[in-house]
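model24.txt, holding compact mmCIF, C-alpha atoms:
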# COMPACT_ATOMS: atom_id res chain seq x y z
CA MET J 30 0.00 0.00 0.00
CA LYS J 31 1.39 3.39 -1.00
CA LYS J 32 1.93 5.79 1.88
CA PHE J 33 1.77 9.59 1.86
CA ALA J 34 3.13 12.04 4.40
CA ILE J 35 0.83 15.06 4.74
CA VAL J 36 2.30 18.24 6.22
CA LEU J 37 -0.11 20.57 8.03
CA SER J 38 0.48 24.17 9.11
CA GLY J 39 -2.19 24.62 11.79
CA CYS J 40 -5.98 24.42 11.66
CA GLY J 41 -7.90 27.06 9.74
CA VAL J 42 -7.47 28.84 6.42
CA PHE J 43 -6.40 32.28 7.72
CA ASP J 44 -3.64 31.26 10.14
CA GLY J 45 -3.09 27.55 9.50
CA ALA J 46 -3.87 24.66 7.17
CA GLU J 47 -6.98 24.96 5.03
CA ILE J 48 -9.34 22.44 6.63
CA HIS J 49 -11.25 21.35 3.51
CA GLU J 50 -8.06 20.90 1.48
CA ALA J 51 -6.45 18.87 4.27
CA THR J 52 -9.54 16.71 4.91
CA LEU J 53 -10.31 16.13 1.24
CA SER J 54 -6.65 15.20 0.59
CA MET J 55 -6.81 12.60 3.37
CA TYR J 56 -10.12 11.39 1.93
CA ALA J 57 -8.76 11.17 -1.64
CA ILE J 58 -5.74 9.18 -0.47
CA ALA J 59 -7.88 6.68 1.47
CA LYS J 60 -10.47 6.40 -1.32
CA ASN J 61 -7.75 5.57 -3.83
CA GLY J 62 -6.41 2.70 -1.74
CA ALA J 63 -3.40 4.41 -0.18
CA THR J 64 -2.63 5.46 3.37
CA TYR J 65 -1.10 8.48 5.10
CA GLU J 66 0.63 9.85 8.16
CA MET J 67 0.32 13.45 9.34
CA PHE J 68 3.16 15.83 10.27
CA ALA J 69 3.48 19.45 11.36
CA PRO J 70 6.28 21.60 12.75
CA ASP J 71 6.34 21.95 16.54
CA ILE J 72 6.52 25.77 16.49
CA ASP J 73 4.31 28.69 17.49
CA GLN J 74 1.87 29.95 14.86
CA HIS J 75 2.79 33.33 13.40
CA HIS J 76 -0.48 34.62 14.88
CA VAL J 77 -4.07 33.62 15.63
CA ILE J 78 -6.85 35.01 13.42
CA ASN J 79 -10.53 35.30 14.36
CA HIS J 80 -11.99 33.60 11.27
CA ILE J 81 -15.19 35.67 11.42
CA THR J 82 -13.72 39.18 11.68
CA GLY J 83 -10.30 38.52 10.14
CA GLU J 84 -8.72 40.27 13.11
CA GLU J 85 -5.73 39.07 15.09
CA MET J 86 -6.51 37.59 18.51
CA GLN J 87 -4.21 38.06 21.50
CA GLU J 88 -3.44 34.37 21.79
CA LYS J 89 -0.54 32.01 21.20
CA ARG J 90 -1.11 28.65 19.55
CA ASN J 91 1.25 25.87 18.51
CA VAL J 92 1.20 24.62 14.91
CA LEU J 93 1.59 20.93 15.82
CA ILE J 94 -1.07 21.01 18.55
CA GLU J 95 -3.60 22.85 16.37
CA SER J 96 -2.85 20.63 13.36
CA ALA J 97 -3.70 17.64 15.59
CA ARG J 98 -7.34 18.78 15.43
CA ILE J 99 -7.44 17.87 11.74
CA ALA J 100 -5.40 14.70 12.38
CA ARG J 101 -7.62 13.55 15.31
CA GLY J 102 -4.49 13.41 17.47
CA SER J 103 -2.50 11.16 15.18
CA ILE J 104 0.35 13.45 14.14
CA ARG J 105 4.12 13.74 14.58
CA PRO J 106 6.61 16.61 14.60
CA LEU J 107 7.93 17.27 11.10
CA THR J 108 11.49 16.75 12.38
CA ASP J 109 10.55 13.02 12.63
CA PHE J 110 9.89 12.84 8.88
CA SER J 111 12.13 10.62 6.79
CA ALA J 112 11.58 10.25 3.02
CA SER J 113 12.58 6.58 3.28
CA ASP J 114 9.29 5.85 5.14
CA PHE J 115 7.00 7.31 2.44
CA ASP J 116 6.08 7.13 -1.25
CA GLY J 117 4.81 10.69 -1.55
CA LEU J 118 4.74 14.01 0.34
CA LEU J 119 1.71 16.32 0.19
CA PHE J 120 1.19 19.92 1.36
CA PRO J 121 -2.44 21.09 1.63
CA GLY J 122 -2.83 24.88 1.47
CA GLY J 123 -4.07 27.61 3.77
CA PHE J 124 -2.28 30.77 4.89
CA GLY J 125 -0.38 28.62 7.39
CA ALA J 126 1.88 27.53 4.52
CA ALA J 127 2.74 31.19 3.92
CA LYS J 128 2.80 32.27 7.58
CA ASN J 129 4.07 29.26 9.57
CA LEU J 130 5.90 26.98 7.12
CA SER J 131 7.50 30.05 5.52
CA ASP J 132 7.20 33.84 5.70
CA TRP J 133 5.93 34.14 2.12
CA ALA J 134 2.82 36.08 3.28
CA PHE J 135 5.10 38.85 4.51
CA LYS J 136 8.17 38.70 2.24
CA GLY J 137 6.93 37.09 -0.99
CA SER J 138 9.78 36.18 -3.33
CA GLU J 139 12.32 37.20 -0.63
CA SER J 140 10.82 34.79 1.92
CA THR J 141 12.51 31.89 3.72
CA VAL J 142 11.14 28.37 4.09
CA LEU J 143 11.27 26.68 7.50
CA PRO J 144 14.42 24.49 7.40
CA GLU J 145 12.57 21.27 8.35
CA VAL J 146 10.09 21.89 5.50
CA ALA J 147 12.89 22.53 2.98
CA ARG J 148 14.67 19.39 4.20
CA ALA J 149 11.54 17.23 3.69
CA ILE J 150 11.09 18.62 0.15
CA ARG J 151 14.73 18.05 -0.77
CA GLU J 152 14.77 14.53 0.66
CA MET J 153 11.84 13.57 -1.57
CA VAL J 154 13.57 15.01 -4.64
CA ASP J 155 16.85 13.27 -3.75
CA THR J 156 15.04 9.92 -3.51
CA GLY J 157 13.02 10.53 -6.73
CA LYS J 158 9.66 10.41 -4.92
CA PRO J 159 6.69 12.63 -5.82
CA LEU J 160 5.83 15.87 -4.08
CA GLY J 161 2.40 17.49 -4.15
CA ALA J 162 1.27 20.98 -3.14
CA LEU J 163 -2.21 22.56 -3.12
CA CYS J 164 -3.37 26.17 -3.12
CA ILE J 165 -0.63 28.54 -1.84
CA SER J 166 1.72 25.72 -0.74
CA PRO J 167 3.56 25.63 -4.10
CA VAL J 168 5.38 28.80 -2.94
CA LEU J 169 7.27 26.54 -0.51
CA ILE J 170 8.52 24.59 -3.52
CA ALA J 171 9.28 27.73 -5.54
CA LYS J 172 11.64 28.84 -2.77
CA THR J 173 13.25 25.41 -2.32
CA LEU J 174 13.66 23.82 -5.76
CA GLU J 175 15.38 26.01 -8.34
CA GLY J 176 13.39 26.57 -11.51
CA ALA J 177 10.42 24.40 -10.51
CA GLU J 178 7.33 24.57 -12.73
CA LEU J 179 4.13 24.92 -10.75
CA THR J 180 0.71 26.54 -10.36
CA ILE J 181 -1.18 28.55 -7.78
CA GLY J 182 -4.07 29.12 -10.19
CA SER J 183 -4.31 32.53 -11.82
CA ASP J 184 -3.55 35.19 -9.19
CA ALA J 185 -1.30 37.62 -11.08
CA GLY J 186 0.52 39.06 -8.06
CA THR J 187 1.39 35.68 -6.57
CA ALA J 188 2.35 34.30 -10.00
CA ALA J 189 4.71 37.25 -10.55
CA ALA J 190 6.32 36.76 -7.13
CA ILE J 191 6.77 33.05 -7.90
CA GLU J 192 8.54 33.91 -11.15
CA GLN J 193 10.67 36.45 -9.29
CA ALA J 194 11.67 33.64 -6.92
CA GLY J 195 13.06 31.79 -9.94
CA ALA J 196 10.22 29.31 -10.57
CA THR J 197 7.93 29.05 -13.60
CA HIS J 198 4.24 29.67 -13.03
CA VAL J 199 1.60 27.95 -15.18
CA ALA J 200 -1.93 29.39 -15.06
CA THR J 201 -4.63 26.80 -14.31
CA THR J 202 -8.30 26.56 -13.45
CA HIS J 203 -10.31 24.31 -11.08
CA GLY J 204 -9.07 20.76 -10.69
CA GLU J 205 -6.11 21.07 -13.05
CA VAL J 206 -2.76 19.58 -12.01
CA VAL J 207 0.60 20.88 -13.24
CA THR J 208 3.37 18.27 -13.43
CA ASP J 209 7.06 19.13 -13.25
CA THR J 210 8.79 15.94 -14.44
CA ARG J 211 12.24 17.14 -13.38
CA TYR J 212 11.27 17.26 -9.71
CA ASN J 213 8.30 14.79 -9.80
CA LEU J 214 6.28 17.73 -8.56
CA PHE J 215 2.46 18.03 -8.74
CA THR J 216 0.53 21.23 -7.98
CA THR J 217 -3.15 22.28 -8.15
CA PRO J 218 -4.80 25.62 -7.28
CA CYS J 219 -7.79 24.70 -5.01
CA TYR J 220 -8.83 27.73 -2.89
CA MET J 221 -6.28 30.03 -4.58
CA LEU J 222 -9.16 30.23 -7.05
CA ASP J 223 -12.66 31.28 -5.97
CA ALA J 224 -13.64 27.62 -5.59
CA SER J 225 -16.53 25.56 -4.19
CA ILE J 226 -15.86 22.70 -1.76
CA GLU J 227 -16.81 20.33 -4.61
CA GLN J 228 -13.98 21.78 -6.72
CA ILE J 229 -11.58 21.29 -3.78
CA GLY J 230 -12.60 17.63 -3.69
CA GLU J 231 -11.90 17.40 -7.42
CA GLY J 232 -8.48 19.08 -7.09
CA ALA J 233 -7.47 16.85 -4.17
CA GLU J 234 -8.63 13.73 -6.02
CA ASN J 235 -6.77 14.73 -9.20
CA ILE J 236 -3.46 15.51 -7.52
CA VAL J 237 -3.56 12.33 -5.41
CA LYS J 238 -4.36 10.19 -8.47
CA ALA J 239 -1.56 11.84 -10.46
CA MET J 240 0.90 11.15 -7.64
CA LEU J 241 -0.28 7.54 -7.30
CA ASP J 242 0.08 7.02 -11.08
CA HIS J 243 3.63 8.31 -10.80
CA MET J 244 4.40 5.83 -8.00
CA LYS J 245 3.53 2.83 -10.22
CA MET S 15 -31.82 24.25 -5.01
CA LYS S 16 -32.31 22.53 -1.65
CA LYS S 17 -30.61 24.26 1.26
CA PHE S 18 -29.24 22.73 4.45
CA ALA S 19 -28.37 24.42 7.72
CA ILE S 20 -25.31 22.78 9.32
CA VAL S 21 -24.77 23.31 13.05
CA LEU S 22 -21.18 23.17 14.29
CA SER S 23 -19.97 22.91 17.89
CA GLY S 24 -16.38 24.16 17.61
CA CYS S 25 -13.40 22.86 15.63
CA GLY S 26 -11.84 19.55 16.62
CA VAL S 27 -13.15 16.16 17.67
CA PHE S 28 -12.27 16.29 21.38
CA ASP S 29 -13.76 19.69 22.30
CA GLY S 30 -15.73 20.76 19.22
CA ALA S 31 -17.14 19.61 15.90
CA GLU S 32 -15.48 16.62 14.25
CA ILE S 33 -13.65 18.18 11.32
CA HIS S 34 -13.90 15.28 8.86
CA GLU S 35 -17.60 14.77 9.53
CA ALA S 36 -18.30 18.49 9.11
CA THR S 37 -16.19 18.85 5.95
CA LEU S 38 -17.45 15.66 4.33
CA SER S 39 -21.06 16.67 5.10
CA MET S 40 -20.51 20.02 3.35
CA TYR S 41 -18.85 18.15 0.48
CA ALA S 42 -21.70 15.62 0.18
CA ILE S 43 -24.30 18.39 0.12
CA ALA S 44 -22.47 20.32 -2.63
CA LYS S 45 -21.73 17.17 -4.64
CA ASN S 46 -25.41 16.23 -4.62
CA GLY S 47 -26.49 19.58 -6.04
CA ALA S 48 -27.66 21.25 -2.85
CA THR S 49 -26.29 24.16 -0.83
CA TYR S 50 -25.75 24.99 2.84
CA GLU S 51 -25.28 27.67 5.46
CA MET S 52 -23.29 27.19 8.64
CA PHE S 53 -24.40 28.01 12.20
CA ALA S 54 -22.95 27.66 15.69
CA PRO S 55 -23.88 28.95 19.13
CA ASP S 56 -22.06 32.10 20.25
CA ILE S 57 -20.96 30.66 23.61
CA ASP S 58 -17.71 29.64 25.31
CA GLN S 59 -16.52 26.10 24.70
CA HIS S 60 -16.83 23.83 27.74
CA HIS S 61 -13.03 23.52 27.63
CA VAL S 62 -10.05 23.36 25.26
CA ILE S 63 -8.35 20.00 24.71
CA ASN S 64 -4.81 19.47 23.44
CA HIS S 65 -5.61 17.00 20.66
CA ILE S 66 -2.22 15.26 20.99
CA THR S 67 -2.13 14.62 24.74
CA GLY S 68 -5.88 14.67 25.44
CA GLU S 69 -5.20 17.07 28.31
CA GLU S 70 -7.13 20.24 29.06
CA MET S 71 -5.39 23.50 28.12
CA GLN S 72 -5.73 26.65 30.23
CA GLU S 73 -7.47 28.60 27.46
CA LYS S 74 -10.90 29.94 26.67
CA ARG S 75 -12.33 29.63 23.17
CA ASN S 76 -15.67 30.60 21.65
CA VAL S 77 -17.71 27.96 19.82
CA LEU S 78 -18.84 30.30 17.02
CA ILE S 79 -15.36 31.74 16.41
CA GLU S 80 -13.68 28.31 16.36
CA SER S 81 -16.44 26.82 14.17
CA ALA S 82 -15.70 29.61 11.68
CA ARG S 83 -12.41 27.83 10.93
CA ILE S 84 -14.35 24.97 9.33
CA ALA S 85 -16.76 27.42 7.68
CA ARG S 86 -13.97 29.64 6.26
CA GLY S 87 -15.56 32.60 8.05
CA SER S 88 -19.02 32.15 6.57
CA ILE S 89 -21.08 31.33 9.65
CA ARG S 90 -23.86 32.84 11.75
CA PRO S 91 -24.95 32.58 15.38
CA LEU S 92 -27.45 29.75 15.83
CA THR S 93 -29.96 32.23 17.30
CA ASP S 94 -30.30 33.58 13.71
CA PHE S 95 -31.55 30.20 12.47
CA SER S 96 -35.10 29.99 11.17
CA ALA S 97 -36.53 26.72 9.81
CA SER S 98 -38.43 28.69 7.17
CA ASP S 99 -35.12 29.48 5.40
CA PHE S 100 -34.02 25.83 5.04
CA ASP S 101 -35.03 22.44 3.68
CA GLY S 102 -32.95 20.38 6.12
CA LEU S 103 -30.92 20.69 9.32
CA LEU S 104 -27.74 18.67 9.89
CA PHE S 105 -25.57 18.12 12.97
CA PRO S 106 -22.07 16.69 12.35
CA GLY S 107 -20.58 14.97 15.38
CA GLY S 108 -17.56 15.48 17.64
CA PHE S 109 -17.48 15.81 21.42
CA GLY S 110 -18.60 19.43 20.96
CA ALA S 111 -22.15 18.12 20.50
CA ALA S 112 -21.91 16.47 23.92
CA LYS S 113 -19.90 19.24 25.63
CA ASN S 114 -21.00 22.52 24.04
CA LEU S 115 -24.41 21.90 22.43
CA SER S 116 -25.43 19.87 25.48
CA ASP S 117 -23.85 18.46 28.63
CA TRP S 118 -24.37 14.84 27.57
CA ALA S 119 -20.65 14.07 28.02
CA PHE S 120 -21.00 14.81 31.73
CA LYS S 121 -24.63 13.93 32.56
CA GLY S 122 -25.66 11.36 29.94
CA SER S 123 -29.38 10.65 29.99
CA GLU S 124 -29.85 13.42 32.59
CA SER S 125 -28.26 16.04 30.36
CA THR S 126 -29.77 19.26 29.03
CA VAL S 127 -29.65 20.50 25.43
CA LEU S 128 -28.75 24.13 24.75
CA PRO S 129 -32.10 25.93 24.30
CA GLU S 130 -31.21 27.38 20.87
CA VAL S 131 -30.29 23.86 19.67
CA ALA S 132 -33.55 22.38 20.98
CA ARG S 133 -35.49 25.24 19.35
CA ALA S 134 -33.87 24.59 15.95
CA ILE S 135 -34.67 20.86 16.20
CA ARG S 136 -38.30 21.48 17.22
CA GLU S 137 -38.83 24.09 14.49
CA MET S 138 -37.78 21.57 11.84
CA VAL S 139 -40.15 18.95 13.25
CA ASP S 140 -43.00 21.48 13.45
CA THR S 141 -42.52 22.38 9.77
CA GLY S 142 -42.15 18.72 8.70
CA LYS S 143 -38.59 19.19 7.42
CA PRO S 144 -35.85 16.57 7.76
CA LEU S 145 -33.25 16.53 10.50
CA GLY S 146 -29.93 14.70 10.30
CA ALA S 147 -27.37 13.85 12.98
CA LEU S 148 -23.99 12.10 12.73
CA CYS S 149 -21.83 10.33 15.31
CA ILE S 150 -22.70 11.42 18.88
CA SER S 151 -25.05 14.24 17.77
CA PRO S 152 -28.15 11.99 17.86
CA VAL S 153 -28.05 12.37 21.67
CA LEU S 154 -29.23 15.96 21.11
CA ILE S 155 -32.30 14.54 19.38
CA ALA S 156 -32.82 11.84 22.02
CA LYS S 157 -33.08 14.58 24.65
CA THR S 158 -35.33 16.83 22.53
CA LEU S 159 -37.80 14.61 20.64
CA GLU S 160 -39.68 12.12 22.79
CA GLY S 161 -39.34 8.51 21.68
CA ALA S 162 -37.16 9.22 18.65
CA GLU S 163 -35.60 6.21 16.91
CA LEU S 164 -31.95 6.72 16.13
CA THR S 165 -28.41 5.31 16.02
CA ILE S 166 -24.99 6.13 17.39
CA GLY S 167 -23.55 2.87 16.03
CA SER S 168 -22.99 0.09 18.54
CA ASP S 169 -21.49 1.57 21.72
CA ALA S 170 -23.40 -0.25 24.46
CA GLY S 171 -23.00 2.41 27.17
CA THR S 172 -24.16 5.27 24.97
CA ALA S 173 -27.00 3.17 23.53
CA ALA S 174 -28.21 2.34 27.05
CA ALA S 175 -28.11 6.00 28.08
CA ILE S 176 -30.07 6.93 24.94
CA GLU S 177 -32.75 4.37 25.83
CA GLN S 178 -32.78 5.72 29.39
CA ALA S 179 -33.44 9.17 27.93
CA GLY S 180 -36.60 7.73 26.35
CA ALA S 181 -35.39 7.21 22.78
CA THR S 182 -35.00 3.94 20.86
CA HIS S 183 -31.51 2.96 19.79
CA VAL S 184 -30.91 0.90 16.65
CA ALA S 185 -27.47 -0.71 16.27
CA THR S 186 -25.77 0.03 12.94
CA THR S 187 -22.45 -0.35 11.20
CA HIS S 188 -20.45 1.90 8.83
CA GLY S 189 -22.47 4.02 6.43
CA GLU S 190 -25.90 2.84 7.58
CA VAL S 191 -28.65 5.42 8.08
CA VAL S 192 -31.54 4.96 10.50
CA THR S 193 -34.76 6.74 9.49
CA ASP S 194 -37.43 7.78 11.97
CA THR S 195 -40.45 8.58 9.79
CA ARG S 196 -42.40 10.16 12.65
CA TYR S 197 -39.86 12.94 13.06
CA ASN S 198 -38.29 12.85 9.54
CA LEU S 199 -35.07 12.10 11.39
CA PHE S 200 -31.93 10.56 9.84
CA THR S 201 -28.92 9.34 11.85
CA THR S 202 -25.64 7.58 11.00
CA PRO S 203 -22.77 6.49 13.29
CA CYS S 204 -19.58 7.80 11.58
CA TYR S 205 -16.73 8.11 14.14
CA MET S 206 -18.84 6.62 16.96
CA LEU S 207 -17.55 3.46 15.29
CA ASP S 208 -13.83 2.84 14.78
CA ALA S 209 -14.06 4.24 11.25
CA SER S 210 -11.74 5.29 8.44
CA ILE S 211 -12.10 8.69 6.78
CA GLU S 212 -13.43 6.86 3.72
CA GLN S 213 -16.25 5.41 5.83
CA ILE S 214 -17.02 8.92 7.14
CA GLY S 215 -17.35 10.09 3.55
CA GLU S 216 -19.74 7.20 2.89
CA GLY S 217 -21.84 7.95 5.99
CA ALA S 218 -22.05 11.67 5.15
CA GLU S 219 -23.00 10.90 1.54
CA ASN S 220 -25.66 8.39 2.61
CA ILE S 221 -27.34 10.62 5.16
CA VAL S 222 -27.33 13.65 2.83
CA LYS S 223 -28.81 11.57 -0.02
CA ALA S 224 -31.49 10.13 2.29
CA MET S 225 -32.43 13.66 3.43
CA LEU S 226 -32.49 14.95 -0.17
CA ASP S 227 -34.71 12.03 -1.22
CA HIS S 228 -37.08 12.94 1.58
CA MET S 229 -37.21 16.56 0.39
CA LYS S 230 -38.51 15.53 -3.05
Rewrite the structure of this file - the entire thing - as structure tokens.
Amino acid sequence: MKKFAIVLSGCGVFDGAEIHEATLSMYAIAKNGATYEMFAPDIDQHHVINHITGEEMQEKRNVLIESARIARGSIRPLTDFSASDFDGLLFPGGFGAAKNLSDWAFKGSESTVLPEVARAIREMVDTGKPLGALCISPVLIAKTLEGAELTIGSDAGTAAAIEQAGATHVATTHGEVVTDTRYNLFTTPCYMLDASIEQIGEGAENIVKAMLDHMK
Amino acid sequence: MKKFAIVLSGCGVFDGAEIHEATLSMYAIAKNGATYEMFAPDIDQHHVINHITGEEMQEKRNVLIESARIARGSIRPLTDFSASDFDGLLFPGGFGAAKNLSDWAFKGSESTVLPEVARAIREMVDTGKPLGALCISPVLIAKTLEGAELTIGSDAGTAAAIEQAGATHVATTHGEVVTDTRYNLFTTPCYMLDASIEQIGEGAENIVKAMLDHMK
């Protein structure tokens, strides 16, 4: 049975992992006969956002502990990750990818990726195993793998910043998956487009199937 | 287009709404050509649980604000709910149903349901519209609708407490839906059984389809 590692960045679109993208990725993996383990960095969130008002709350939350809500407690620190244990590595989206796994939300093309995230990405590439990223998460790849070809949908500002970071951006619409054969990299836009939850299910299903095909 | 109201109880299985059940219910509704609005009570959570250790954290969180993480910000206080605006009402599970929407987790058959939750349930029954409840949420119905027939799967202790509360419990396995034609009530066990995320998707799909069939 093929096994994915899924990396979360908290719990909630505005300060953590996008919940629908994470859940529907887990669902797509299980539905297609594969299995998964969950990981997240054991670090403080950049901040905590009230998801109704969009305002910052005066709280501190930990990325690993909050991610465990999506994982129903079954999650490990990302420093435990080893590419040798997995067939694929998947990053759901959410602002957490750009606020906790990197500082892309604040520095764009000049941002830095969390070292343990960059290590996990590079380990997969070094072992020739597929990487997947949804929504805004492809920016983590753009900053880690030189000249990667990827998509975040069609947002012009983000696409320009991705190109400035040295990657190639390919415009896509709902459910489309961009494949970079050099890095065995798969990306799909999900909520970086104005999408319905049904379209998120389609995107998650398509990227998981593409990664599973590649593993054959 | 048929419209569901979904009532959340926070964000995370151990102190709020079960994230997979909530997300996969939203997904099933959209996939089957219907739409939904999200609601939650604007009250403090009973407590905050670290989902890795299971221990209580010294924090205060609000049910409506945390539920908004699953709803991507698009959620209203449950006091705004009116049965006249909807064709069906659905409660995903998670301990939040038994800790925030009621005190079932602490008092079992002697528990009390939050008045705004009981009002929403009764309004649906009074207007002849279908109600659905997943996982542990059927206990809210057991305490609100006299003699309701429902399922929480096969947990003997919970089933006995449900019978003590005056309802009838029907044992079920993964994906099965129990229908109470007197109350137009639909229930399915989901994570009250030792279930995979794929089985949660199946349960959510089955209950949503059964409710949509009833709406015809």
How close does each residue of chain S get to chain J, giving the shortest atom pair and distance in Å to one decimal for every residue with an atom at most 8 Å away, counting all atoms listed in the file, sorted by chain and residue number, as a Markdown table?
| residue | atom | partner | partner_atom | distance |
| --- | --- | --- | --- | --- |
| S:Cys25 | CA | J:Arg98 | CA | 7.3 |
| S:Gly26 | CA | J:Arg98 | CA | 4.7 |
| S:Val27 | CA | J:Arg101 | CA | 6.6 |
| S:Ile33 | CA | J:Ile99 | CA | 6.2 |
| S:His34 | CA | J:Thr52 | CA | 6.1 |
| S:Thr37 | CA | J:His49 | CA | 6.1 |
| S:Leu38 | CA | J:Leu53 | CA | 7.8 |
| S:Met40 | CA | J:Ile226 | CA | 7.4 |
| S:Tyr41 | CA | J:Ile226 | CA | 5.9 |
| S:Ala44 | CA | J:Glu227 | CA | 6.0 |
| S:Lys45 | CA | J:Glu227 | CA | 5.8 |
| S:Asn64 | CA | J:Ile94 | CA | 6.3 |
| S:His65 | CA | J:Gly102 | CA | 4.9 |
| S:Ile66 | CA | J:Gly102 | CA | 4.6 |
| S:Thr67 | CA | J:Gly102 | CA | 7.7 |
| S:Ile79 | CA | J:Asn79 | CA | 6.3 |
| S:Glu80 | CA | J:His80 | CA | 7.5 |
| S:Ala82 | CA | J:His80 | CA | 5.5 |
| S:Arg83 | CA | J:Gly41 | CA | 4.7 |
| S:Ile84 | CA | J:Ile48 | CA | 6.2 |
| S:Arg86 | CA | J:Val42 | CA | 6.6 |
| S:Gly87 | CA | J:Ile81 | CA | 4.6 |
| S:Ser88 | CA | J:Ile81 | CA | 7.1 |
| S:Ile89 | CA | J:Ile81 | CA | 7.5 |
| S:Ile211 | CA | J:Tyr56 | CA | 5.9 |
| S:Glu212 | CA | J:Lys60 | CA | 5.9 |
| S:Gly215 | CA | J:Tyr56 | CA | 7.5 |
Self-check item: Shell around stretch 97-110 of chain S at 7 Å using all atoms listed in the file, local window under 2 positions removed, as a VMD selection string
Solution: chain S and resid 16 to 24 27 to 32 35 to 36 95 112 to 115 137 to 138 143 to 151
Quiz prompt | Option closest in space to S:Glu163, from S:Thr187, S:Phe200, S:Gly217, S:Glu69 [counting only C-alpha atoms] | solution = S:Phe200
Quiz prompt | atom CA of S:Ile221 to atom CA of S:Leu154, straight-line distance in Å | solution =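 Calculated distance between atom CA of S:Leu154 and atom CA of S:Ile221 is 16.9 Å.
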Quiz item: Between atom CA of S:Ala179 and atom CA of S:Ala156, what is the distance, to one decimal in Å?
Solution: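 Atom CA of S:Ala156 lies 6.5 Å from atom CA of S:Ala179.
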Quiz item: Which residue gives the smallest distance to J:Thr64 among J:Pro218, J:Ala233, J:Met30, J:Asp132, with only C-alpha atoms counted?
Solution: J:Met30
Quiz item: To one decimal place, how far is atom CA of J:Glu234 from atom CA of J:Val146 in Å?
Solution: 23.4 Å
Using all atoms listed in the file, which protein or nucleic acid residues come within 12 Å of S:Lys157? Drop anything in the same chain fewer than 5 positions from it, and give the result as a PDB file with C-alpha atoms, in the coordinates of the input.
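So out_4.pdb came out as:
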ATOM      1  CA  ALA S 112     -21.910  16.470  23.920  1.00  0.00           C
ATOM      2  CA  LEU S 115     -24.410  21.900  22.430  1.00  0.00           C
ATOM      3  CA  SER S 116     -25.430  19.870  25.480  1.00  0.00           C
ATOM      4  CA  ASP S 117     -23.850  18.460  28.630  1.00  0.00           C
ATOM      5  CA  TRP S 118     -24.370  14.840  27.570  1.00  0.00           C
ATOM      6  CA  LYS S 121     -24.630  13.930  32.560  1.00  0.00           C
ATOM      7  CA  GLY S 122     -25.660  11.360  29.940  1.00  0.00           C
ATOM      8  CA  SER S 123     -29.380  10.650  29.990  1.00  0.00           C
ATOM      9  CA  GLU S 124     -29.850  13.420  32.590  1.00  0.00           C
ATOM     10  CA  SER S 125     -28.260  16.040  30.360  1.00  0.00           C
ATOM     11  CA  THR S 126     -29.770  19.260  29.030  1.00  0.00           C
ATOM     12  CA  VAL S 127     -29.650  20.500  25.430  1.00  0.00           C
ATOM     13  CA  LEU S 128     -28.750  24.130  24.750  1.00  0.00           C
ATOM     14  CA  PRO S 129     -32.100  25.930  24.300  1.00  0.00           C
ATOM     15  CA  VAL S 131     -30.290  23.860  19.670  1.00  0.00           C
ATOM     16  CA  ALA S 132     -33.550  22.380  20.980  1.00  0.00           C
ATOM     17  CA  ILE S 135     -34.670  20.860  16.200  1.00  0.00           C
ATOM     18  CA  ARG S 136     -38.300  21.480  17.220  1.00  0.00           C
ATOM     19  CA  SER S 151     -25.050  14.240  17.770  1.00  0.00           C
ATOM     20  CA  PRO S 152     -28.150  11.990  17.860  1.00  0.00           C
ATOM     21  CA  ALA S 162     -37.160   9.220  18.650  1.00  0.00           C
ATOM     22  CA  GLU S 163     -35.600   6.210  16.910  1.00  0.00           C
ATOM     23  CA  LEU S 164     -31.950   6.720  16.130  1.00  0.00           C
ATOM     24  CA  ALA S 175     -28.110   6.000  28.080  1.00  0.00           C
ATOM     25  CA  ILE S 176     -30.070   6.930  24.940  1.00  0.00           C
ATOM     26  CA  GLU S 177     -32.750   4.370  25.830  1.00  0.00           C
ATOM     27  CA  GLN S 178     -32.780   5.720  29.390  1.00  0.00           C
ATOM     28  CA  ALA S 179     -33.440   9.170  27.930  1.00  0.00           C
ATOM     29  CA  GLY S 180     -36.600   7.730  26.350  1.00  0.00           C
ATOM     30  CA  ALA S 181     -35.390   7.210  22.780  1.00  0.00           C
ATOM     31  CA  THR S 182     -35.000   3.940  20.860  1.00  0.00           C
TER      32      THR S 182
END
